[in-house]
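Inspection log for the structure reproduced underneath, given as structure tokens.
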Amino acid sequence: DGGITQSPKYLFRKEGQNVTLSCEQNLNHDAMYWYRQDPGQGLRLIYYSQIVNDFQKGDIAEGYSVSREKKESFPLTVTSAQKNPTAFYLCASRAGGAGTDTQYFGPGTRLTVL
Amino acid sequence: AQSVTQLGSHVSVSEGALVLLRCNYSSSVPPYLFWYVQYPNQGLQLLLKYTTGATLVKGINGFEAEFKKSETSFHLTKPSAHMSDAAEYFCAVKSSAGANNLFFGTGTRLTVIP
């Protein structure tokens, strides 16, 4: 079954802790994305990666970090510098090349800060 | 720069009635436009997209949307609402040139009344 998996589905963090959200895809897609979703605000781009070993900041990158060591994986770390991390986090991927416009989304991780 | 405005954060329709969800975009170059649906605590699923060609686009689950350049609109419609259509709907725009990032609207929550 091809697709995007995110784990865990629910994550609880104490203030001051770093946590890492997993995103894996077996679609052989080149590009991967991380979005944050808050009620009434739609999706906001945190980081994206067009190819392995390269990534760029999105609109709200402060307090987050990523890596892209493998094509299949794009983990997101929420650091203690992120002041309001409670949100729903969505990972997406897109095939590379001209004409490949559609982003496909994983099921999401809901992060709650205790 | 690209942006999307979704008019109406909440829309309620009776089962069997017409569904109309509004989306207006802003783009300095010809846009690519998308509608995604999100069920509670799940990721986003592509309903339909417009890139080039025919301006009336048909998608999954009986939805369709029409690209109207003169009105900068891409409204989503379905002739007859089903209970299973209750979800949140997001409109998104991507520039046809340059980066492949999507810009999302704030979403419209559709309620279907039996």
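The chains in the structure tokens are called A, B, ... from first to last as shown; in each chain the residues are counted from 1, and the ligands are counted from 1 in the order shown.
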Taking only C-alpha atoms into account, produce a table as a tab-separated table in which each residue of chain B with an atom at most 7 Å from an atom of chain A appears once, together with its shortest atom pair and the distance in Å to one decimal, ordered by chain and rising number.
```
residue	atom	partner	partner_atom	distance
B:Gln42	CA	A:Pro107	CA	4.8
B:Gly43	CA	A:Pro107	CA	4.1
B:Leu44	CA	A:Phe105	CA	5.6
B:Gln45	CA	A:Phe105	CA	6.9
B:Asn100	CA	A:Asp101	CA	6.9
B:Phe104	CA	A:Leu43	CA	6.0
B:Gly105	CA	A:Gly42	CA	5.8
B:Thr106	CA	A:Gly42	CA	3.9
B:Gly107	CA	A:Gly42	CA	5.7
```
Open item on the list: Quick check for you: according to DSSP on this backbone, which residues of region 4-89 of chain A are classed as strand (DSSP E or B)? Reply as a PyMOL selection string.
Closed with: chain A and resi 4-7+10-13+19-25+31-38+42-51+54-57+64-66+70+73+76-78+87-89
Task: Residue nearest Asp54 (chain A) - candidates A:Arg36, A:Thr79, A:Phe74, A:Thr112, atoms counted: only C-alpha atoms - done: A:Phe74
- [ ] Just list the residues in chain B DSSP gives helix (DSSP H, G or I) on the backbone, as an MDAnalysis selection string.
- [x] chainID B and resid 60:62 83:85
TODO: Name the residues in contact with Lys58 (chain B) at a cut-off of 9 Å, using only C-alpha atoms, excluding same-chain residues fewer than 4 positions from it; report them as a ChimeraX atom specification.
DONE: /B:47-49,62-66
Open item on the list: Residues near Met83 (chain B), anyone? I mean within 8 Å using only C-alpha atoms, not counting same-chain ones fewer than 3 positions away, as a PyMOL selection string.
Closed with: chain B and resi 15+86+112-114
Task: Residues near Ala81 (chain A), cut-off 12 Å, only C-alpha atoms, skip fewer than 5 positions along chain, as number ranges by chain - done: A: 15-19, 61-65
